[in-house]
Amino acid sequence: MDLEIPDNILHVLEALDRSGYSAYVVGGCVRDALLGQTEHDWDVCTDATPDEVKHVFEDTQIIDIGTEHGTVAVRSGGDLVEVTTFRSDGAYADGRHPDQVTFESSVEDDLARRDFTVNAMAYSPVRGLVDPFGGREDLQAGRIRCVGNPDERFSEDALRIMRALRFASVLGFDIEKETAAALDRQRGQLNRIACERIREELFKMLLGNDFVAIALAYRDILAVCIPYIEKTFDFDQHNPYHAFDVWEHCVRSVAFAPADDPVMRLTLLLHDVGKPETFSVDEAGIGHCYGHAAVSADYAQEICRHLRMSREDTSRLVHLVRYHDFHDPETMKQMRRMLAKHGLERTRDLYAVHWADVQGMKPPEVPIKMEHIERARQLLAEALEEDAAFSLADLAVDGKDLKELGYPQGPLIGQALSTLLQQVVDEELPNERDALLAAARTIFTESL
Ligand code: ATP
Ligand code: MG
């Protein structure tokens, strides 16, 4: 069996081989190459120590990126290639980092410290595939299985719990029975892991094709990492529009959100998190959650903080959750109002959320009426085409024009511009300079 390896990586392997060391590509790149995916960072492992690696590549650019862990980066063909000395990890007192690492001379020892069998294979064009834990068979069977005793592996480093779910979601794999049982038993250990590392895995997991199955089967693990979601589990909505409980609805809606946008996918996962708290049943026995979007947005804000999300991602997500429950504009005037309120980007985002939300209400085989959304999307396209004014920047006059009319520096200028924009959006005024200046004069006179 031959794996296709890029030339600059082959060059690194050959240079180490020529100097009498053994060298392999290892880990995720071997897994993905066996799956026929070549877009991957290639990692190299070797029995050469970091100093020996530096010596072999002394004529090449070398960057020290963690000699204590045995890793050196070698520039090859314009890329930096990470070369790591075979190592084993000592005890993990803190459930996160090995207390010490020891350099090893055999590739098998290095593979034994890795998390899952599919990630614990090495390959060299000279020596072939090294696969001591049956990774290739698990890859063919579509199975995530720990290397060694799963309870021990997850308590050594609890991030592996999230990695198991992430690989299962992205690769569309099952989790082997013993590994799955240990995931559940060890899930509390996730509390020891830094939230930003959890977020990184969660974001990758959200983009996986199999996210729905994983999030339904392993919801108790996600509940350790994401505050407030547990209340949505099995929460019956008593509403004919909804076929699922709140959690399942949210999870299913994620699958209809853009596949490359983790913030949008997390928005869908959290968009109804405030429903249980706002739930009431009317006389006809129908459930309602009045005001749930605002409550969900407050919870979402806390969740973003817990996950150490950036300010920008947080503000986008919270905005989308807060306004997700809108009525589709039916007229151009309503559409312009929506654009004036949210801006173009957010309006587009709100439509993506809305679309996914509605799709996630029923099983895929039940047809859902999407005409009203289609109609609103068409209105949005038309509004953009006719270049309708929807923000202060688009207004045909600005603050400078108002000052020339005699407005004093101060808040009156901003207030007047907002009033003018409102009138343009409501079609009481055309977005034309002369008309706007005349209206501005009237506002000014009335303010005196
Ligand atoms: P991707 O790069 O697509 O996220 P990957 O498998 O390459 O996937 P990395 O985080 O880049 O994942 O790690 C590279 C390799 O290092 C893994 O394939 C695995 O063998 C090993 N590894 C990474 N993280 C851990 C961990 N927490 N515990 C044990 N082994 C790990
Ligand atoms: Mg990688």
# chains A, B, ... in the order shown; residues from 1 in each chain; ligands from 1

call {"tool": "residues_around", "arguments": {"residues": "A:Ile229", "least_positions_apart": "5", "cutoff": "8 Å", "atoms": "only C-alpha atoms", "output": "list of chain:residue names"}}
result
A:Ala223, A:Trp247, A:Leu270, A:Val273

call {"tool": "residues_near_ligand", "arguments": {"ligand": "ligand 2", "cutoff": "8 Å", "atoms": "only C-alpha atoms and all ligand atoms", "output": "list of chain:residue names"}}
result
A:Gly27, A:Gly28, A:Cys29, A:His40, A:Asp41, A:Trp42, A:Asp43

call {"tool": "residues_near_ligand", "arguments": {"ligand": "ligand 1", "cutoff": "8 Å", "atoms": "only C-alpha atoms and all ligand atoms", "output": "PyMOL selection string"}}
result
chain A and resi 26-29+31+40-41+43+111+113-116+118-121+157-160+163

call {"tool": "residues_around", "arguments": {"residues": "A:Arg136", "least_positions_apart": "6", "cutoff": "12 Å", "atoms": "only C-alpha atoms", "output": "NGL selection string"}}
result
:A and (1 or 30-35 or 116-123 or 129-130 or 142-145)

call {"tool": "write_last_selection", "arguments": {"atoms": "C-alpha atoms", "output": "PDB file, in the first residue's frame"}}
result
ATOM      1  CA  MET A   1       0.000   0.000   0.000  1.00  0.00           C
ATOM      2  CA  VAL A  30      -2.242   9.255   7.838  1.00  0.00           C
ATOM      3  CA  ARG A  31      -5.891   8.854   8.824  1.00  0.00           C
ATOM      4  CA  ASP A  32      -7.032  11.378   6.225  1.00  0.00           C
ATOM      5  CA  ALA A  33      -4.719  10.049   3.499  1.00  0.00           C
ATOM      6  CA  LEU A  34      -6.166   6.560   4.024  1.00  0.00           C
ATOM      7  CA  LEU A  35      -9.621   8.115   3.660  1.00  0.00           C
ATOM      8  CA  PHE A 116      -7.800   6.971  19.091  1.00  0.00           C
ATOM      9  CA  THR A 117      -6.779   3.995  16.964  1.00  0.00           C
ATOM     10  CA  VAL A 118      -7.546   5.880  13.735  1.00  0.00           C
ATOM     11  CA  ASN A 119      -5.136   8.618  14.906  1.00  0.00           C
ATOM     12  CA  ALA A 120      -2.455   6.141  16.009  1.00  0.00           C
ATOM     13  CA  MET A 121      -0.961   5.057  12.695  1.00  0.00           C
ATOM     14  CA  ALA A 122       2.366   6.004  11.151  1.00  0.00           C
ATOM     15  CA  TYR A 123       3.573   5.532   7.597  1.00  0.00           C
ATOM     16  CA  LEU A 129       2.180   1.366   7.542  1.00  0.00           C
ATOM     17  CA  VAL A 130       2.694   0.906  11.278  1.00  0.00           C
ATOM     18  CA  GLY A 142     -16.132   3.761  10.688  1.00  0.00           C
ATOM     19  CA  ARG A 143     -15.335   3.423  14.363  1.00  0.00           C
ATOM     20  CA  ILE A 144     -13.769   5.685  17.011  1.00  0.00           C
ATOM     21  CA  ARG A 145     -11.990   3.555  19.612  1.00  0.00           C
TER      22      ARG A 145
END

call {"tool": "closest_residue", "arguments": {"among": "A:Lys333, A:Arg311, A:His319, A:His11", "to": "A:Asp298", "atoms": "only C-alpha atoms"}}
result
A:His319

call {"tool": "residues_around", "arguments": {"residues": "stretch 282-295 of chain A", "least_positions_apart": "6", "cutoff": "8 Å", "atoms": "only C-alpha atoms", "output": "PDB file with C-alpha atoms, in the first residue's frame"}}
result
ATOM      1  CA  GLN A 237     -43.567  22.085  23.391  1.00  0.00           C
ATOM      2  CA  HIS A 238     -47.250  21.025  23.163  1.00  0.00           C
ATOM      3  CA  ASN A 239     -47.440  22.788  19.854  1.00  0.00           C
ATOM      4  CA  PRO A 240     -48.654  21.380  16.521  1.00  0.00           C
ATOM      5  CA  HIS A 271     -31.729  29.840  19.761  1.00  0.00           C
ATOM      6  CA  ASP A 272     -34.509  28.397  21.961  1.00  0.00           C
ATOM      7  CA  VAL A 273     -32.568  27.809  25.161  1.00  0.00           C
ATOM      8  CA  GLY A 274     -34.931  30.185  27.006  1.00  0.00           C
ATOM      9  CA  LYS A 275     -38.105  28.325  25.980  1.00  0.00           C
ATOM     10  CA  PRO A 276     -38.576  26.161  29.088  1.00  0.00           C
ATOM     11  CA  VAL A 321     -30.797  34.733  18.945  1.00  0.00           C
ATOM     12  CA  ARG A 322     -32.527  37.883  20.235  1.00  0.00           C
ATOM     13  CA  TYR A 323     -34.233  38.614  16.914  1.00  0.00           C
ATOM     14  CA  HIS A 324     -34.644  35.119  15.470  1.00  0.00           C
ATOM     15  CA  ASP A 325     -38.379  34.980  16.130  1.00  0.00           C
TER      16      ASP A 325
END

call {"tool": "residues_around", "arguments": {"residues": "stretch 203-211 of chain A", "least_positions_apart": "5", "cutoff": "7 Å", "atoms": "only C-alpha atoms", "output": "number ranges by chain"}}
result
A: 165-166, 169-170, 172, 259-260, 262, 265

call {"tool": "write_last_selection", "arguments": {"atoms": "N, CA, C and O atoms", "output": "compact mmCIF listing (two decimals), in the first residue's frame"}}
result
# COMPACT_ATOMS: atom_id res chain seq x y z
N LEU A 165 -16.16 12.95 20.26
CA LEU A 165 -17.42 13.40 19.66
C LEU A 165 -17.15 14.17 18.37
O LEU A 165 -17.88 14.03 17.38
N ARG A 166 -16.09 14.96 18.37
CA ARG A 166 -15.77 15.75 17.18
C ARG A 166 -15.42 14.84 16.00
O ARG A 166 -15.94 15.02 14.89
N SER A 169 -18.50 13.13 14.72
CA SER A 169 -19.37 14.04 13.97
C SER A 169 -18.80 14.34 12.59
O SER A 169 -19.51 14.30 11.58
N VAL A 170 -17.52 14.63 12.53
CA VAL A 170 -16.91 15.05 11.26
C VAL A 170 -16.72 13.87 10.31
O VAL A 170 -16.97 13.98 9.10
N GLY A 172 -18.34 11.02 10.51
CA GLY A 172 -19.56 10.21 10.39
C GLY A 172 -19.37 8.81 10.95
O GLY A 172 -19.94 7.84 10.45
N ALA A 259 -22.76 25.24 6.38
CA ALA A 259 -21.86 24.17 6.85
C ALA A 259 -20.46 24.67 7.19
O ALA A 259 -19.64 23.91 7.70
N ASP A 260 -20.18 25.96 6.92
CA ASP A 260 -18.82 26.45 7.16
C ASP A 260 -18.80 27.57 8.20
O ASP A 260 -17.83 28.30 8.30
N PRO A 262 -19.35 28.10 12.08
CA PRO A 262 -19.63 27.54 13.40
C PRO A 262 -20.46 28.46 14.29
O PRO A 262 -21.25 27.98 15.11
N ARG A 265 -24.00 28.00 13.37
CA ARG A 265 -24.48 26.69 13.81
C ARG A 265 -24.71 26.68 15.32
O ARG A 265 -25.69 26.13 15.80

call {"tool": "residues_around", "arguments": {"residues": "stretch 427-438 of chain A", "least_positions_apart": "4", "cutoff": "12 Å", "atoms": "only C-alpha atoms", "output": "number ranges by chain"}}
result
A: 331-337, 386-407, 416-423, 442-445

call {"tool": "atom_distance", "arguments": {"atom1": "atom CA of A:Lys362", "atom2": "atom CA of A:Tyr228"}}
result
23.7 Å

call {"tool": "residues_around", "arguments": {"residues": "A:Pro98", "least_positions_apart": "6", "cutoff": "10 Å", "atoms": "only C-alpha atoms", "output": "MDAnalysis selection string"}}
result
chainID A and resid 88:92 156:157

call {"tool": "write_last_selection", "arguments": {"atoms": "all heavy atoms", "output": "PDB file, in the first residue's frame"}}
result
ATOM      1  N   SER A  88       6.863   9.217  24.941  1.00  0.00           N
ATOM      2  CA  SER A  88       5.708   8.726  25.694  1.00  0.00           C
ATOM      3  C   SER A  88       5.411   9.779  26.737  1.00  0.00           C
ATOM      4  O   SER A  88       6.280  10.585  27.078  1.00  0.00           O
ATOM      5  CB  SER A  88       6.028   7.381  26.355  1.00  0.00           C
ATOM      6  OG  SER A  88       7.155   7.522  27.188  1.00  0.00           O
ATOM      7  N   ASP A  89       4.168   9.814  27.205  1.00  0.00           N
ATOM      8  CA  ASP A  89       3.781  10.820  28.172  1.00  0.00           C
ATOM      9  C   ASP A  89       3.741  10.200  29.558  1.00  0.00           C
ATOM     10  O   ASP A  89       3.273   9.082  29.716  1.00  0.00           O
ATOM     11  CB  ASP A  89       2.409  11.408  27.811  1.00  0.00           C
ATOM     12  CG  ASP A  89       2.459  12.118  26.448  1.00  0.00           C
ATOM     13  OD1 ASP A  89       3.565  12.544  26.049  1.00  0.00           O
ATOM     14  OD2 ASP A  89       1.406  12.227  25.795  1.00  0.00           O
ATOM     15  N   GLY A  90       4.246  10.930  30.555  1.00  0.00           N
ATOM     16  CA  GLY A  90       4.214  10.418  31.934  1.00  0.00           C
ATOM     17  C   GLY A  90       2.807  10.489  32.495  1.00  0.00           C
ATOM     18  O   GLY A  90       1.827  10.578  31.759  1.00  0.00           O
ATOM     19  N   ALA A  91       2.690  10.474  33.825  1.00  0.00           N
ATOM     20  CA  ALA A  91       1.370  10.539  34.471  1.00  0.00           C
ATOM     21  C   ALA A  91       0.739  11.907  34.205  1.00  0.00           C
ATOM     22  O   ALA A  91       1.427  12.881  33.917  1.00  0.00           O
ATOM     23  CB  ALA A  91       1.550  10.320  35.962  1.00  0.00           C
ATOM     24  N   TYR A  92      -0.601  11.952  34.301  1.00  0.00           N
ATOM     25  CA  TYR A  92      -1.328  13.205  34.147  1.00  0.00           C
ATOM     26  C   TYR A  92      -1.963  13.527  35.493  1.00  0.00           C
ATOM     27  O   TYR A  92      -3.046  13.044  35.800  1.00  0.00           O
ATOM     28  CB  TYR A  92      -2.459  13.054  33.136  1.00  0.00           C
ATOM     29  CG  TYR A  92      -2.050  12.979  31.691  1.00  0.00           C
ATOM     30  CD1 TYR A  92      -1.410  11.859  31.182  1.00  0.00           C
ATOM     31  CD2 TYR A  92      -2.352  14.028  30.818  1.00  0.00           C
ATOM     32  CE1 TYR A  92      -1.067  11.786  29.846  1.00  0.00           C
ATOM     33  CE2 TYR A  92      -2.020  13.955  29.473  1.00  0.00           C
ATOM     34  CZ  TYR A  92      -1.377  12.838  28.996  1.00  0.00           C
ATOM     35  OH  TYR A  92      -1.051  12.764  27.673  1.00  0.00           O
ATOM     36  N   GLU A 156      -6.861  10.745  31.918  1.00  0.00           N
ATOM     37  CA  GLU A 156      -5.558  11.401  31.702  1.00  0.00           C
ATOM     38  C   GLU A 156      -5.756  12.784  31.092  1.00  0.00           C
ATOM     39  O   GLU A 156      -5.167  13.768  31.524  1.00  0.00           O
ATOM     40  CB  GLU A 156      -4.722  10.626  30.666  1.00  0.00           C
ATOM     41  CG  GLU A 156      -3.952   9.464  31.174  1.00  0.00           C
ATOM     42  CD  GLU A 156      -3.383   8.631  30.014  1.00  0.00           C
ATOM     43  OE1 GLU A 156      -3.476   9.029  28.827  1.00  0.00           O
ATOM     44  OE2 GLU A 156      -2.840   7.573  30.297  1.00  0.00           O
ATOM     45  N   ASP A 157      -6.584  12.848  30.062  1.00  0.00           N
ATOM     46  CA  ASP A 157      -6.781  14.091  29.318  1.00  0.00           C
ATOM     47  C   ASP A 157      -8.230  14.134  28.843  1.00  0.00           C
ATOM     48  O   ASP A 157      -8.600  13.494  27.867  1.00  0.00           O
ATOM     49  CB  ASP A 157      -5.823  14.131  28.123  1.00  0.00           C
ATOM     50  CG  ASP A 157      -6.055  15.352  27.240  1.00  0.00           C
ATOM     51  OD1 ASP A 157      -6.907  16.196  27.590  1.00  0.00           O
ATOM     52  OD2 ASP A 157      -5.384  15.457  26.190  1.00  0.00           O
TER      53      ASP A 157
END

call {"tool": "select_by_dssp", "arguments": {"residues": "stretch 48-181 of chain A", "states": "alpha helix (DSSP H)", "output": "PDB file with C-alpha atoms, in the first residue's frame"}}
result
ATOM      1  CA  PRO A  50      15.461  17.517  18.587  1.00  0.00           C
ATOM      2  CA  ASP A  51      19.205  18.303  18.548  1.00  0.00           C
ATOM      3  CA  GLU A  52      19.816  15.544  16.021  1.00  0.00           C
ATOM      4  CA  VAL A  53      16.969  16.848  13.858  1.00  0.00           C
ATOM      5  CA  LYS A  54      18.514  20.333  13.952  1.00  0.00           C
ATOM      6  CA  HIS A  55      21.827  18.832  12.926  1.00  0.00           C
ATOM      7  CA  VAL A  56      20.321  16.973   9.936  1.00  0.00           C
ATOM      8  CA  VAL A 107       7.419   4.364  16.805  1.00  0.00           C
ATOM      9  CA  GLU A 108       5.057   1.907  18.532  1.00  0.00           C
ATOM     10  CA  ASP A 109       5.748   3.617  21.887  1.00  0.00           C
ATOM     11  CA  ASP A 110       4.900   6.947  20.318  1.00  0.00           C
ATOM     12  CA  LEU A 111       1.667   5.626  18.818  1.00  0.00           C
ATOM     13  CA  ALA A 112       0.594   4.241  22.218  1.00  0.00           C
ATOM     14  CA  GLY A 135      -6.581   1.724  13.275  1.00  0.00           C
ATOM     15  CA  ARG A 136      -7.021   0.762   9.658  1.00  0.00           C
ATOM     16  CA  GLU A 137      -9.725  -1.748  10.447  1.00  0.00           C
ATOM     17  CA  ASP A 138     -11.530   0.815  12.625  1.00  0.00           C
ATOM     18  CA  LEU A 139     -11.214   3.348   9.822  1.00  0.00           C
ATOM     19  CA  GLN A 140     -12.826   0.922   7.386  1.00  0.00           C
ATOM     20  CA  ALA A 141     -15.559   0.059   9.879  1.00  0.00           C
ATOM     21  CA  PRO A 150     -10.753   4.231  27.600  1.00  0.00           C
ATOM     22  CA  ASP A 151     -11.457   5.253  31.217  1.00  0.00           C
ATOM     23  CA  GLU A 152      -7.762   5.801  31.803  1.00  0.00           C
ATOM     24  CA  ARG A 153      -7.279   7.665  28.544  1.00  0.00           C
ATOM     25  CA  PHE A 154     -10.181  10.049  29.203  1.00  0.00           C
ATOM     26  CA  SER A 155      -9.164  10.724  32.795  1.00  0.00           C
ATOM     27  CA  GLU A 156      -5.558  11.401  31.702  1.00  0.00           C
ATOM     28  CA  LEU A 159     -10.268  16.949  26.123  1.00  0.00           C
ATOM     29  CA  ARG A 160     -10.221  13.545  24.404  1.00  0.00           C
ATOM     30  CA  ILE A 161     -13.906  13.251  25.355  1.00  0.00           C
ATOM     31  CA  MET A 162     -14.721  16.207  23.122  1.00  0.00           C
ATOM     32  CA  ARG A 163     -12.299  14.968  20.460  1.00  0.00           C
ATOM     33  CA  ALA A 164     -14.122  11.625  20.326  1.00  0.00           C
ATOM     34  CA  LEU A 165     -17.421  13.399  19.655  1.00  0.00           C
ATOM     35  CA  ARG A 166     -15.765  15.750  17.179  1.00  0.00           C
ATOM     36  CA  PHE A 167     -14.191  12.982  15.099  1.00  0.00           C
ATOM     37  CA  ALA A 168     -17.433  10.977  15.193  1.00  0.00           C
ATOM     38  CA  SER A 169     -19.370  14.035  13.974  1.00  0.00           C
ATOM     39  CA  VAL A 170     -16.905  15.048  11.261  1.00  0.00           C
ATOM     40  CA  LEU A 171     -16.031  11.575   9.974  1.00  0.00           C
ATOM     41  CA  LYS A 177     -19.157   0.464  22.851  1.00  0.00           C
ATOM     42  CA  GLU A 178     -16.463   0.450  25.553  1.00  0.00           C
ATOM     43  CA  THR A 179     -15.208   3.864  24.463  1.00  0.00           C
ATOM     44  CA  ALA A 180     -18.767   5.240  24.464  1.00  0.00           C
ATOM     45  CA  ALA A 181     -19.469   3.899  27.966  1.00  0.00           C
TER      46      ALA A 181
END

call {"tool": "closest_residue", "arguments": {"among": "A:Ile63, A:Ala48, A:Val358, A:Ala439", "to": "A:His242", "atoms": "only C-alpha atoms"}}
result
A:Val358

call {"tool": "atom_distance", "arguments": {"atom1": "atom CA of A:Asn8", "atom2": "atom CA of A:Val25"}}
result
12.1 Å

call {"tool": "closest_residue", "arguments": {"among": "A:Asp17, A:Glu302, A:Asp426, A:Asp2", "to": "A:Pro227", "atoms": "only C-alpha atoms"}}
result
A:Glu302

call {"tool": "closest_residue", "arguments": {"among": "A:Asp313, A:Glu4, A:Glu104, A:Glu374", "to": "A:Thr38", "atoms": "only C-alpha atoms"}}
result
A:Glu4

call {"tool": "atom_distance", "arguments": {"atom1": "atom CA of A:Thr314", "atom2": "atom CA of A:Met264"}}
result
10.8 Å

call {"tool": "closest_residue", "arguments": {"among": "A:Leu268, A:Val424, A:Ala356, A:Ala376", "to": "A:Ala340", "atoms": "only C-alpha atoms"}}
result
A:Val424
